[in-house]
file data.cif (mmCIF, C-alpha atoms)
data_protein
#
loop_
_atom_site.label_atom_id
_atom_site.label_comp_id
_atom_site.auth_asym_id
_atom_site.auth_seq_id
_atom_site.Cartn_x
_atom_site.Cartn_y
_atom_site.Cartn_z
CA MET A 1 18.71 67.26 -64.88
CA LYS A 2 20.59 64.22 -66.11
CA GLY A 3 18.83 60.96 -65.42
CA ALA A 4 15.49 62.64 -64.68
CA VAL A 5 12.42 60.84 -65.85
CA THR A 6 10.01 62.79 -68.01
CA VAL A 7 6.43 61.68 -67.60
CA ALA A 8 4.18 62.26 -70.57
CA ARG A 9 1.13 64.25 -69.70
CA PRO A 10 -2.08 63.14 -71.41
CA ASP A 11 -3.36 65.51 -74.05
CA SER A 12 -6.40 67.48 -72.92
CA ASP A 13 -8.63 65.87 -75.51
CA GLN A 14 -7.66 62.39 -74.29
CA LEU A 15 -9.62 63.12 -71.15
CA LEU A 16 -12.79 63.47 -73.24
CA LEU A 17 -14.17 60.08 -74.18
CA ASP A 18 -16.25 60.13 -77.34
CA ALA A 19 -19.42 58.03 -77.54
CA GLU A 20 -18.95 58.02 -81.33
CA ALA A 21 -15.24 57.13 -81.15
CA ASP A 22 -15.59 54.12 -83.44
CA VAL A 23 -17.65 55.97 -86.06
CA ARG A 24 -16.01 57.49 -89.13
CA PRO A 25 -18.15 60.22 -90.74
CA SER A 26 -19.10 59.91 -94.36
CA PRO A 27 -18.57 62.98 -96.62
CA ARG A 28 -22.17 64.00 -95.99
CA ALA A 29 -21.67 63.61 -92.24
CA ALA A 30 -18.46 65.65 -92.31
CA ALA A 31 -20.27 68.44 -94.17
CA ALA A 32 -23.00 68.49 -91.53
CA ARG A 33 -20.43 68.77 -88.76
CA ARG A 34 -18.72 71.67 -90.52
CA ALA A 35 -22.11 73.37 -90.70
CA LEU A 36 -22.54 72.88 -86.97
CA THR A 37 -19.18 74.35 -86.04
CA ALA A 38 -19.80 77.25 -88.43
CA HIS A 39 -22.37 78.47 -85.87
CA PRO A 40 -20.23 78.49 -82.71
CA VAL A 41 -22.45 80.92 -80.79
CA LEU A 42 -25.43 78.57 -81.04
CA LEU A 43 -23.28 75.57 -80.19
CA LEU A 44 -21.59 77.29 -77.24
CA ALA A 45 -24.95 78.44 -75.86
CA GLY A 46 -26.26 74.90 -76.15
CA ILE A 47 -23.24 73.45 -74.35
CA VAL A 48 -23.45 75.95 -71.49
CA LEU A 49 -27.20 75.54 -71.03
CA ALA A 50 -27.02 71.75 -71.14
CA SER A 51 -24.12 71.75 -68.66
CA LEU A 52 -26.04 73.93 -66.23
CA ASN A 53 -28.66 71.16 -66.06
CA MET A 54 -26.32 68.24 -65.45
CA ARG A 55 -26.39 68.48 -61.64
CA ALA A 56 -29.20 70.97 -61.01
CA ALA A 57 -32.04 68.44 -60.74
CA LEU A 58 -30.08 66.47 -58.12
CA ALA A 59 -28.85 69.47 -56.12
CA SER A 60 -32.37 70.96 -55.91
CA VAL A 61 -33.71 68.05 -53.82
CA SER A 62 -31.30 67.94 -50.89
CA PRO A 63 -32.21 71.29 -49.22
CA LEU A 64 -35.90 70.28 -49.43
CA ALA A 65 -35.53 66.63 -48.39
CA GLY A 66 -37.21 67.15 -45.01
CA GLU A 67 -40.27 68.81 -46.54
CA ILE A 68 -40.55 66.15 -49.27
CA GLY A 69 -40.39 63.35 -46.70
CA ALA A 70 -42.94 65.03 -44.45
CA ALA A 71 -45.36 65.66 -47.32
CA PHE A 72 -45.56 61.96 -48.16
CA GLY A 73 -44.98 60.60 -44.66
CA LEU A 74 -41.73 58.95 -45.74
CA SER A 75 -39.12 57.46 -43.46
CA SER A 76 -35.49 58.50 -43.78
CA THR A 77 -34.82 55.38 -45.82
CA ALA A 78 -37.68 56.09 -48.23
CA THR A 79 -36.69 59.75 -48.49
CA SER A 80 -33.16 58.75 -49.47
CA LEU A 81 -34.61 56.95 -52.50
CA VAL A 82 -35.47 60.36 -53.98
CA THR A 83 -31.72 60.77 -54.49
CA SER A 84 -30.74 57.10 -54.88
CA VAL A 85 -33.14 56.31 -57.73
CA PRO A 86 -31.71 58.95 -60.13
CA VAL A 87 -28.14 57.88 -59.27
CA LEU A 88 -29.05 54.25 -59.99
CA PHE A 89 -30.24 55.23 -63.44
CA LEU A 90 -27.06 57.25 -64.04
CA GLY A 91 -25.34 53.88 -64.19
CA LEU A 92 -27.99 52.12 -66.27
CA GLY A 93 -28.34 55.05 -68.66
CA ALA A 94 -24.60 55.03 -69.35
CA LEU A 95 -25.05 51.65 -71.02
CA VAL A 96 -27.40 52.92 -73.74
CA ALA A 97 -26.03 56.41 -74.44
CA PRO A 98 -23.26 55.41 -76.92
CA ARG A 99 -25.62 53.16 -78.87
CA LEU A 100 -28.24 55.91 -79.12
CA ALA A 101 -25.62 58.43 -80.22
CA ARG A 102 -24.42 56.18 -83.02
CA ARG A 103 -27.93 55.40 -84.18
CA LEU A 104 -29.63 58.79 -83.86
CA GLY A 105 -26.80 61.31 -83.66
CA THR A 106 -25.41 63.08 -80.60
CA GLU A 107 -27.33 66.32 -81.17
CA ARG A 108 -30.71 64.63 -81.35
CA VAL A 109 -30.07 62.50 -78.28
CA LEU A 110 -28.83 65.52 -76.28
CA CYS A 111 -31.94 67.51 -77.16
CA GLY A 112 -34.14 64.55 -76.30
CA ALA A 113 -32.35 64.11 -72.99
CA LEU A 114 -33.08 67.72 -72.04
CA VAL A 115 -36.76 67.28 -72.92
CA LEU A 116 -36.80 64.08 -70.84
CA LEU A 117 -35.13 65.94 -67.97
CA ALA A 118 -37.74 68.71 -68.02
CA ALA A 119 -40.51 66.10 -68.06
CA GLY A 120 -38.93 64.13 -65.22
CA ILE A 121 -38.66 67.21 -63.01
CA LEU A 122 -42.36 67.96 -63.55
CA VAL A 123 -43.45 64.35 -63.00
CA ARG A 124 -41.50 64.32 -59.74
CA VAL A 125 -43.76 66.99 -58.19
CA TRP A 126 -47.09 65.35 -58.96
CA PRO A 127 -49.03 64.53 -55.76
CA SER A 128 -48.08 60.85 -55.78
CA VAL A 129 -45.19 58.99 -54.22
CA TYR A 130 -45.03 56.83 -57.35
CA ALA A 131 -44.59 59.95 -59.46
CA LEU A 132 -41.90 61.16 -57.05
CA TYR A 133 -39.81 58.07 -57.71
CA GLY A 134 -40.87 57.68 -61.35
CA GLY A 135 -39.77 61.22 -62.05
CA GLY A 136 -36.43 60.32 -60.49
CA VAL A 137 -36.06 57.50 -63.02
CA LEU A 138 -36.57 59.97 -65.87
CA VAL A 139 -34.22 62.54 -64.31
CA GLY A 140 -31.45 59.97 -63.78
CA THR A 141 -31.74 58.58 -67.29
CA ALA A 142 -31.64 62.06 -68.83
CA ILE A 143 -28.58 63.12 -66.82
CA ALA A 144 -26.84 59.83 -67.73
CA LEU A 145 -27.23 60.65 -71.42
CA LEU A 146 -25.84 64.15 -70.86
CA ASN A 147 -22.94 62.79 -68.79
CA VAL A 148 -21.80 60.42 -71.51
CA LEU A 149 -22.47 62.50 -74.61
CA MET A 150 -21.34 66.00 -73.67
CA PRO A 151 -17.58 65.25 -73.33
CA GLY A 152 -17.57 63.38 -76.62
CA LEU A 153 -19.33 66.20 -78.43
CA ILE A 154 -16.70 68.66 -77.17
CA LYS A 155 -13.91 66.34 -78.28
CA ARG A 156 -15.50 65.94 -81.71
CA ASP A 157 -16.40 69.55 -82.50
CA PHE A 158 -13.63 71.44 -80.65
CA PRO A 159 -10.54 69.23 -81.02
CA ASP A 160 -8.16 72.22 -80.93
CA ARG A 161 -9.77 73.85 -77.89
CA ALA A 162 -10.50 70.81 -75.76
CA ALA A 163 -8.98 72.23 -72.55
CA SER A 164 -10.83 75.56 -72.64
CA MET A 165 -14.10 73.92 -73.66
CA THR A 166 -13.76 71.35 -70.90
CA SER A 167 -13.30 74.17 -68.39
CA LEU A 168 -16.41 75.86 -69.74
CA TYR A 169 -18.41 72.64 -69.56
CA THR A 170 -17.33 71.61 -66.05
CA GLY A 171 -17.55 75.18 -64.73
CA SER A 172 -21.10 75.52 -66.02
CA MET A 173 -22.06 72.18 -64.49
CA ILE A 174 -20.76 73.17 -61.06
CA ALA A 175 -22.27 76.66 -61.36
CA GLY A 176 -25.67 75.12 -62.06
CA ALA A 177 -25.49 72.90 -58.98
CA THR A 178 -24.27 75.79 -56.80
CA VAL A 179 -27.01 78.22 -57.81
CA VAL A 180 -29.76 75.63 -57.51
CA ALA A 181 -28.61 74.45 -54.07
CA ALA A 182 -28.52 78.02 -52.76
CA ALA A 183 -31.84 79.04 -54.33
CA SER A 184 -34.05 76.04 -53.48
CA VAL A 185 -35.20 77.18 -50.02
CA PRO A 186 -35.62 80.89 -50.99
CA LEU A 187 -37.68 79.77 -54.01
CA GLU A 188 -39.83 77.61 -51.77
CA ARG A 189 -40.55 80.63 -49.59
CA ALA A 190 -41.19 82.84 -52.61
CA PHE A 191 -43.78 80.33 -53.83
CA GLY A 192 -45.65 80.41 -50.52
CA GLY A 193 -43.95 77.42 -48.92
CA SER A 194 -44.44 75.09 -51.90
CA TRP A 195 -41.51 72.70 -52.31
CA GLN A 196 -43.27 71.40 -55.43
CA ALA A 197 -43.08 74.79 -57.13
CA SER A 198 -39.43 75.18 -56.09
CA LEU A 199 -38.49 71.87 -57.71
CA ALA A 200 -40.69 72.40 -60.77
CA PHE A 201 -39.11 75.80 -61.45
CA TRP A 202 -35.92 74.13 -62.67
CA SER A 203 -37.79 72.36 -65.47
CA LEU A 204 -37.72 75.77 -67.18
CA LEU A 205 -33.93 75.66 -67.28
CA ALA A 206 -34.02 72.26 -68.99
CA ALA A 207 -36.71 73.42 -71.43
CA VAL A 208 -34.69 76.50 -72.43
CA ALA A 209 -31.64 74.29 -72.99
CA ALA A 210 -33.69 71.92 -75.18
CA VAL A 211 -34.86 74.84 -77.32
CA ALA A 212 -31.25 76.00 -77.67
CA TRP A 213 -30.35 72.59 -79.12
CA LEU A 214 -33.07 72.60 -81.79
CA PRO A 215 -30.90 74.46 -84.37
CA GLN A 216 -28.16 71.87 -83.89
CA VAL A 217 -30.69 69.05 -84.38
CA LEU A 218 -32.00 70.63 -87.58
CA ILE A 219 -28.53 71.23 -89.01
CA ALA A 220 -27.35 67.71 -88.18
CA ARG A 221 -30.53 65.88 -89.25
CA GLY A 222 -29.00 64.71 -92.54
CA ARG A 223 -26.06 63.17 -90.74
CA THR A 224 -27.84 60.30 -88.99
CA GLY A 225 -27.43 56.96 -90.70
CA HIS A 226 -24.60 58.12 -92.96
CA GLU A 227 -21.61 57.13 -90.87
CA VAL A 228 -19.36 54.14 -91.34
CA ARG A 229 -18.54 52.06 -88.28
CA ARG A 230 -14.87 51.42 -87.56
CA VAL A 231 -14.30 48.41 -85.34
CA PRO A 232 -10.63 47.94 -84.37
CA GLU A 233 -9.24 44.45 -84.75
CA ALA A 234 -9.14 43.96 -81.01
CA GLY A 235 -12.44 45.70 -80.48
CA ARG A 236 -14.45 42.56 -79.82
CA THR A 237 -11.99 41.17 -77.30
CA THR A 238 -11.16 44.46 -75.60
CA GLY A 239 -14.54 44.73 -73.90
CA ARG A 240 -14.31 41.27 -72.37
CA ALA A 241 -10.65 41.79 -71.41
CA VAL A 242 -11.45 44.97 -69.48
CA TRP A 243 -14.05 43.23 -67.33
CA ARG A 244 -11.53 40.50 -66.50
CA SER A 245 -8.75 42.94 -65.56
CA ALA A 246 -7.94 43.41 -61.86
CA LEU A 247 -6.57 46.88 -62.58
CA ALA A 248 -9.80 47.85 -64.37
CA TRP A 249 -11.79 46.77 -61.32
CA GLN A 250 -9.52 48.81 -59.06
CA VAL A 251 -10.14 51.93 -61.19
CA THR A 252 -13.85 51.16 -61.27
CA LEU A 253 -14.12 50.66 -57.52
CA PHE A 254 -12.28 53.91 -56.85
CA MET A 255 -14.73 55.66 -59.18
CA GLY A 256 -17.68 54.05 -57.40
CA LEU A 257 -16.52 54.68 -53.84
CA GLN A 258 -15.70 58.34 -54.45
CA SER A 259 -19.11 58.73 -56.12
CA LEU A 260 -20.73 57.06 -53.11
CA TRP A 261 -19.33 59.53 -50.58
CA SER A 262 -20.30 62.44 -52.83
CA TYR A 263 -23.89 61.32 -53.29
CA VAL A 264 -24.29 60.78 -49.56
CA LEU A 265 -23.44 64.47 -49.16
CA ILE A 266 -25.74 65.46 -52.03
CA ALA A 267 -28.60 63.62 -50.35
CA TRP A 268 -28.00 64.43 -46.69
CA MET A 269 -25.58 67.31 -46.04
CA PRO A 270 -28.28 69.99 -45.49
CA VAL A 271 -30.28 67.55 -43.33
CA ILE A 272 -27.22 66.75 -41.20
CA LEU A 273 -26.76 70.47 -40.57
CA THR A 274 -30.43 71.29 -39.91
CA ASP A 275 -30.74 68.33 -37.52
CA GLN A 276 -28.05 70.04 -35.44
CA GLY A 277 -29.91 73.34 -35.32
CA MET A 278 -28.77 75.23 -38.43
CA SER A 279 -31.48 77.07 -40.36
CA ARG A 280 -32.59 75.51 -43.64
CA SER A 281 -31.58 78.51 -45.70
CA THR A 282 -28.08 78.63 -44.18
CA ALA A 283 -27.66 74.89 -44.64
CA GLY A 284 -28.60 75.31 -48.29
CA VAL A 285 -25.97 78.00 -48.75
CA VAL A 286 -23.29 75.87 -47.04
CA PHE A 287 -24.23 73.03 -49.37
CA ALA A 288 -23.98 75.37 -52.35
CA PHE A 289 -20.53 76.50 -51.15
CA ASN A 290 -19.46 72.86 -50.97
CA ASN A 291 -20.50 72.44 -54.62
CA LEU A 292 -18.71 75.60 -55.69
CA ILE A 293 -15.39 74.80 -54.02
CA GLN A 294 -15.22 71.45 -55.81
CA VAL A 295 -14.03 73.27 -58.93
CA ALA A 296 -10.64 73.88 -57.27
CA GLY A 297 -9.92 70.20 -56.74
CA ALA A 298 -11.45 69.15 -60.05
CA PHE A 299 -9.14 71.58 -61.89
CA LEU A 300 -5.85 71.08 -60.02
CA VAL A 301 -5.72 67.35 -59.30
CA PRO A 302 -5.99 66.11 -62.92
CA LEU A 303 -3.22 68.55 -63.93
CA LEU A 304 -0.96 67.13 -61.22
CA ALA A 305 -1.94 63.54 -62.02
CA GLY A 306 -0.92 63.93 -65.66
CA ARG A 307 2.59 64.96 -64.63
CA MET A 308 3.18 61.98 -62.36
CA ARG A 309 4.15 58.42 -63.25
CA GLY A 310 2.15 57.10 -60.30
CA GLN A 311 -0.69 58.95 -58.58
CA ARG A 312 -0.57 57.41 -55.10
CA PRO A 313 0.17 60.71 -53.29
CA LEU A 314 -2.93 62.24 -54.89
CA VAL A 315 -5.09 59.28 -53.89
CA ALA A 316 -3.89 59.68 -50.30
CA LEU A 317 -4.50 63.45 -50.42
CA VAL A 318 -8.07 63.43 -51.73
CA THR A 319 -9.24 60.55 -49.55
CA SER A 320 -7.68 62.18 -46.46
CA LEU A 321 -9.42 65.48 -47.20
CA VAL A 322 -12.80 63.79 -47.58
CA ALA A 323 -12.28 61.73 -44.43
CA ALA A 324 -11.27 64.86 -42.48
CA GLY A 325 -14.35 66.73 -43.71
CA TYR A 326 -16.69 63.91 -42.76
CA ALA A 327 -15.04 63.58 -39.35
CA GLY A 328 -15.59 67.29 -38.86
CA LEU A 329 -19.29 66.88 -39.64
CA MET A 330 -19.40 64.22 -36.94
CA VAL A 331 -17.75 66.20 -34.13
CA ALA A 332 -18.65 69.87 -34.86
CA PRO A 333 -21.23 70.01 -37.68
CA VAL A 334 -22.53 73.54 -37.13
CA SER A 335 -19.62 75.50 -35.68
CA GLY A 336 -17.22 74.20 -38.32
CA ALA A 337 -19.70 73.83 -41.19
CA TRP A 338 -17.98 76.24 -43.59
CA LEU A 339 -14.55 74.70 -42.97
CA TRP A 340 -15.82 71.14 -43.45
CA ALA A 341 -17.69 72.18 -46.59
CA ALA A 342 -14.46 73.62 -48.03
CA ILE A 343 -12.31 70.62 -47.12
CA LEU A 344 -14.91 68.21 -48.47
CA GLY A 345 -15.31 70.28 -51.63
CA VAL A 346 -11.61 70.20 -52.49
CA GLY A 347 -11.47 66.47 -51.72
CA GLN A 348 -14.64 65.65 -53.67
CA GLY A 349 -13.65 67.65 -56.72
CA GLY A 350 -10.12 66.28 -56.65
CA ALA A 351 -11.38 62.70 -56.29
CA VAL A 352 -13.75 62.80 -59.23
CA GLY A 353 -11.11 64.52 -61.37
CA LEU A 354 -8.55 61.91 -60.36
CA ALA A 355 -10.97 59.03 -61.00
CA LEU A 356 -11.68 60.26 -64.54
CA THR A 357 -7.98 60.85 -65.21
CA LEU A 358 -7.06 57.37 -64.01
CA ILE A 359 -9.34 55.93 -66.70
CA VAL A 360 -7.14 57.53 -69.34
CA LEU A 361 -3.79 56.97 -67.63
CA ARG A 362 -4.45 53.26 -67.05
CA SER A 363 -5.65 52.69 -70.65
CA GLY A 364 -3.26 51.75 -73.41
CA ASP A 365 -5.39 53.08 -76.26
CA ALA A 366 -8.60 54.96 -77.03
CA VAL A 367 -10.70 51.82 -77.41
CA THR A 368 -9.64 50.54 -73.99
CA ALA A 369 -10.30 53.97 -72.50
CA SER A 370 -13.83 53.94 -73.92
CA ARG A 371 -14.51 50.43 -72.58
CA LEU A 372 -13.03 51.24 -69.18
CA SER A 373 -15.03 54.46 -69.00
CA GLY A 374 -18.25 52.58 -69.67
CA MET A 375 -17.40 49.97 -67.05
CA ALA A 376 -16.39 52.57 -64.44
CA GLN A 377 -19.48 54.72 -64.96
CA THR A 378 -21.94 51.81 -65.00
CA VAL A 379 -20.61 49.91 -62.00
CA GLY A 380 -19.53 53.08 -60.21
CA TYR A 381 -22.94 54.73 -60.28
CA LEU A 382 -24.71 51.49 -59.37
CA LEU A 383 -22.44 51.28 -56.32
CA ALA A 384 -22.91 54.96 -55.53
CA ALA A 385 -26.71 54.61 -55.56
CA ALA A 386 -26.47 52.48 -52.42
CA GLY A 387 -24.84 55.32 -50.45
CA PRO A 388 -27.77 57.68 -49.81
CA LEU A 389 -30.11 54.73 -49.20
CA ALA A 390 -27.79 53.05 -46.70
CA ALA A 391 -27.06 56.34 -44.90
CA GLY A 392 -30.78 57.07 -44.57
CA ALA A 393 -31.55 53.57 -43.29
CA VAL A 394 -28.77 53.66 -40.69
CA HIS A 395 -29.80 57.17 -39.62
CA GLU A 396 -33.37 55.95 -39.13
CA ALA A 397 -32.22 52.91 -37.16
CA THR A 398 -29.81 54.78 -34.87
CA GLY A 399 -31.58 58.15 -34.58
CA GLY A 400 -28.45 60.14 -35.37
CA TRP A 401 -25.68 60.76 -37.88
CA THR A 402 -22.66 59.42 -35.98
CA VAL A 403 -22.93 55.83 -37.23
CA PRO A 404 -23.73 56.75 -40.87
CA ILE A 405 -20.73 59.10 -41.00
CA ALA A 406 -18.53 56.45 -39.37
CA LEU A 407 -19.55 54.06 -42.16
CA VAL A 408 -18.61 56.66 -44.77
CA LEU A 409 -15.19 56.91 -43.12
CA CYS A 410 -14.89 53.16 -43.72
CA VAL A 411 -15.73 53.84 -47.37
CA CYS A 412 -12.89 56.37 -47.43
CA ALA A 413 -10.52 53.71 -46.09
CA ALA A 414 -11.65 51.25 -48.77
CA ALA A 415 -11.26 53.92 -51.46
CA LEU A 416 -7.71 54.58 -50.24
CA VAL A 417 -6.80 50.90 -50.61
CA VAL A 418 -8.23 50.41 -54.11
CA GLY A 419 -7.07 53.87 -55.16
CA LEU A 420 -3.47 53.12 -54.23
CA LEU A 421 -3.67 49.98 -56.35
CA ALA A 422 -5.29 51.82 -59.26
CA ALA A 423 -2.66 54.58 -59.10
CA ARG A 424 0.24 52.27 -60.02
CA ASP A 425 1.96 52.93 -63.34
CA ARG A 426 0.38 50.06 -65.25
CA LYS A 427 -1.97 49.59 -68.19
CA VAL A 428 -5.18 47.62 -68.51
#

call {"tool": "encode", "arguments": {"input": "data.cif", "output": "structure tokens"}}
result
Amino acid sequence: MKGAVTVARPDSDQLLLDAEADVRPSPRAAAARRALTAHPVLLLAGIVLASLNMRAALASVSPLAGEIGAAFGLSSTATSLVTSVPVLFLGLGALVAPRLARRLGTERVLCGALVLLAAGILVRVWPSVYALYGGGVLVGTAIALLNVLMPGLIKRDFPDRAASMTSLYTGSMIAGATVVAAASVPLERAFGGSWQASLAFWSLLAAVAAVAWLPQVLIARGRTGHEVRRVPEAGRTTGRAVWRSALAWQVTLFMGLQSLWSYVLIAWMPVILTDQGMSRSTAGVVFAFNNLIQVAGAFLVPLLAGRMRGQRPLVALVTSLVAAGYAGLMVAPVSGAWLWAAILGVGQGGAVGLALTLIVLRSGDAVTASRLSGMAQTVGYLLAAAGPLAAGAVHEATGGWTVPIALVLCVCAAALVVGLLAARDRKV
């Protein structure tokens, strides 16, 4: 139609931010990468197995939170730290992942992260409250490395199939969380009522994934130390400029607030349902369904966002869905559990997909996108870590879930405000 405005949609690989974006491979490095992609079956298996682990260790805790707290005599506030501590280190770990990738190579760091994840899961079940939290530190750090490095590896090794590989990676990640959430309570029963054995079982998944990455590590071992750094002319100033940008802070706060409401659900959704009389196994399945349905929002919302000049309608949509789901948990948690889980799932998935897409859409170039991504992940996860802890503390103080959920609804309102600002057609 004459006069219509055509909005450029970001290329699929632009949504994948590479931790090695400012590294140019030497001839020897390029040869090693060609050797890696010459074995696609091994590489694909490694990607799928690693992705399965990226939420599993977090999703396995929530259905067993009551038993974990009772075993150590923990208050609701202290129990919430089992989830909050790993999330805190998701933010801190995001700071070191790019540097490690440049120094050691992505393959080696990914394999090491999976070994660290397996170790952290096992440490977490030792009969000590210090080990419970210390294992959470290891788990959070390992997942942070996987979070940052996996998208960049896909962008680097599958530049012509970025969309399909991203679907495989995100689908595997959600599938891992869904299966683990549904299986945690049945596994506990199968192991004679041992929540420790149920949690420890998932270290096997991480160990298998680490073994699958060994061939990639061996093939790429000659690559480390043979790259040439490329620092754009504005590279030194870009980092400082991003932290001084109001728009960058709006994107970052939207990322953090949507992460906060999601991690409150990860920590407490099964407990909210069981406190109202639902069986633990059913609550675990509802929680798994919530994880599964997130794929719908995570897939559709970024596609719509890329076709729009401004994304304000999408911000309003996803925040309204999450607010409606939380309100439902407040007024009819058991009778409407499946409906609220579905509404929340679409909203959660759409919000995280929109937050990641806004990083790209608000960035004028790849360097800015990388800087903004680091800022959003670091600050966002640090902010999100406060969610489960605050919800647990308020629940303990009030003896119910009405006030904690009301506070999350305030978070939704704040996310709507900063999201509408971040969704304007501007560049950092």

call {"tool": "atom_distance", "arguments": {"input": "data.cif", "atom1": "atom CA of Ala386 of chain A", "atom2": "atom CA of Ala414 of chain A"}}
result
15.3 Å

call {"tool": "residues_around", "arguments": {"input": "data.cif", "residues": "segment 88-103 of chain A", "least_positions_apart": "3", "cutoff": "9 Å", "atoms": "all atoms listed in the file", "output": "compact mmCIF listing (two decimals) with C-alpha atoms, in the coordinates of the input"}}
result
# COMPACT_ATOMS: atom_id res chain seq x y z
CA ASP A 18 -16.25 60.13 -77.34
CA ALA A 19 -19.42 58.03 -77.54
CA GLU A 20 -18.95 58.02 -81.33
CA VAL A 23 -17.65 55.97 -86.06
CA THR A 83 -31.72 60.77 -54.49
CA SER A 84 -30.74 57.10 -54.88
CA VAL A 85 -33.14 56.31 -57.73
CA THR A 106 -25.41 63.08 -80.60
CA GLU A 107 -27.33 66.32 -81.17
CA ARG A 108 -30.71 64.63 -81.35
CA VAL A 109 -30.07 62.50 -78.28
CA LEU A 110 -28.83 65.52 -76.28
CA GLY A 136 -36.43 60.32 -60.49
CA VAL A 137 -36.06 57.50 -63.02
CA LEU A 138 -36.57 59.97 -65.87
CA VAL A 139 -34.22 62.54 -64.31
CA GLY A 140 -31.45 59.97 -63.78
CA THR A 141 -31.74 58.58 -67.29
CA ALA A 142 -31.64 62.06 -68.83
CA ILE A 143 -28.58 63.12 -66.82
CA ALA A 144 -26.84 59.83 -67.73
CA LEU A 145 -27.23 60.65 -71.42
CA LEU A 146 -25.84 64.15 -70.86
CA ASN A 147 -22.94 62.79 -68.79
CA VAL A 148 -21.80 60.42 -71.51
CA LEU A 149 -22.47 62.50 -74.61
CA THR A 224 -27.84 60.30 -88.99
CA GLY A 225 -27.43 56.96 -90.70
CA GLU A 227 -21.61 57.13 -90.87
CA ARG A 229 -18.54 52.06 -88.28
CA GLY A 374 -18.25 52.58 -69.67
CA MET A 375 -17.40 49.97 -67.05
CA GLN A 377 -19.48 54.72 -64.96
CA THR A 378 -21.94 51.81 -65.00
CA VAL A 379 -20.61 49.91 -62.00
CA GLY A 380 -19.53 53.08 -60.21
CA TYR A 381 -22.94 54.73 -60.28
CA LEU A 382 -24.71 51.49 -59.37
CA LEU A 383 -22.44 51.28 -56.32
CA ALA A 384 -22.91 54.96 -55.53
CA ALA A 385 -26.71 54.61 -55.56
CA ALA A 386 -26.47 52.48 -52.42

call {"tool": "closest_atom_pairs", "arguments": {"input": "data.cif", "of": "segment 99-181 of chain A", "to": "segment 273-295 of chain A", "cutoff": "8 Å", "atoms": "only C-alpha atoms", "output": "JSON lines"}}
result
{"residue": "A:Gly171", "atom": "CA", "partner": "A:Val295", "partner_atom": "CA", "distance": 7.0}
{"residue": "A:Ile174", "atom": "CA", "partner": "A:Leu292", "partner_atom": "CA", "distance": 6.2}
{"residue": "A:Ala175", "atom": "CA", "partner": "A:Leu292", "partner_atom": "CA", "distance": 6.8}
{"residue": "A:Ala177", "atom": "CA", "partner": "A:Asn291", "partner_atom": "CA", "distance": 6.6}
{"residue": "A:Thr178", "atom": "CA", "partner": "A:Ala288", "partner_atom": "CA", "distance": 4.5}
{"residue": "A:Val179", "atom": "CA", "partner": "A:Ala288", "partner_atom": "CA", "distance": 6.9}
{"residue": "A:Val180", "atom": "CA", "partner": "A:Ala288", "partner_atom": "CA", "distance": 7.8}
{"residue": "A:Ala181", "atom": "CA", "partner": "A:Ala288", "partner_atom": "CA", "distance": 5.0}

call {"tool": "atom_distance", "arguments": {"input": "data.cif", "atom1": "atom CA of Arg55 of chain A", "atom2": "atom CA of Thr368 of chain A"}}
result
27.5 Å

call {"tool": "residues_around", "arguments": {"input": "data.cif", "residues": "Val352 of chain A", "least_positions_apart": "3", "cutoff": "7 Å", "atoms": "all atoms listed in the file", "output": "list in words"}}
result
Gln258, Ala298, Gln348, Gly349, Ala355 and Leu356 of chain A

call {"tool": "write_last_selection", "arguments": {"input": "data.cif", "atoms": "C-alpha atoms", "output": "compact mmCIF listing (two decimals), in the coordinates of the input"}}
result
# COMPACT_ATOMS: atom_id res chain seq x y z
CA GLN A 258 -15.70 58.34 -54.45
CA ALA A 298 -11.45 69.15 -60.05
CA GLN A 348 -14.64 65.65 -53.67
CA GLY A 349 -13.65 67.65 -56.72
CA ALA A 355 -10.97 59.03 -61.00
CA LEU A 356 -11.68 60.26 -64.54

call {"tool": "resolve_selection", "arguments": {"input": "data.cif", "expression": "the PyMOL selection byres ((chain A and resi 418) around 9)", "output": "PyMOL selection string"}}
result
chain A and resi 249-251+253-254+413-417+419-423

call {"tool": "residues_around", "arguments": {"input": "data.cif", "residues": "Ile68 of chain A", "least_positions_apart": "4", "cutoff": "10 Å", "atoms": "all atoms listed in the file", "output": "PyMOL selection string"}}
result
chain A and resi 61-64+72-74+79+82+125+129+132+195-196

call {"tool": "atom_distance", "arguments": {"input": "data.cif", "atom1": "atom CA of Val315 of chain A", "atom2": "atom CA of Tyr169 of chain A"}}
result
24.5 Å

call {"tool": "residues_around", "arguments": {"input": "data.cif", "residues": "Ala305 of chain A", "least_positions_apart": "4", "cutoff": "10 Å", "atoms": "all atoms listed in the file", "output": "mmCIF file with C-alpha atoms, keeping the file's coordinate frame"}}
result
data_model
loop_
_atom_site.group_PDB
_atom_site.id
_atom_site.type_symbol
_atom_site.label_atom_id
_atom_site.label_comp_id
_atom_site.auth_asym_id
_atom_site.auth_seq_id
_atom_site.Cartn_x
_atom_site.Cartn_y
_atom_site.Cartn_z
ATOM 1 C CA ARG A 9 1.130 64.250 -69.700
ATOM 2 C CA PRO A 10 -2.080 63.140 -71.410
ATOM 3 C CA LEU A 300 -5.850 71.080 -60.020
ATOM 4 C CA VAL A 301 -5.720 67.350 -59.300
ATOM 5 C CA ARG A 309 4.150 58.420 -63.250
ATOM 6 C CA GLY A 310 2.150 57.100 -60.300
ATOM 7 C CA GLN A 311 -0.690 58.950 -58.580
ATOM 8 C CA ARG A 312 -0.570 57.410 -55.100
ATOM 9 C CA PRO A 313 0.170 60.710 -53.290
ATOM 10 C CA LEU A 314 -2.930 62.240 -54.890
ATOM 11 C CA VAL A 315 -5.090 59.280 -53.890
ATOM 12 C CA GLY A 353 -11.110 64.520 -61.370
ATOM 13 C CA LEU A 354 -8.550 61.910 -60.360
ATOM 14 C CA THR A 357 -7.980 60.850 -65.210
ATOM 15 C CA LEU A 358 -7.060 57.370 -64.010
ATOM 16 C CA LEU A 361 -3.790 56.970 -67.630
ATOM 17 C CA ALA A 423 -2.660 54.580 -59.100
#
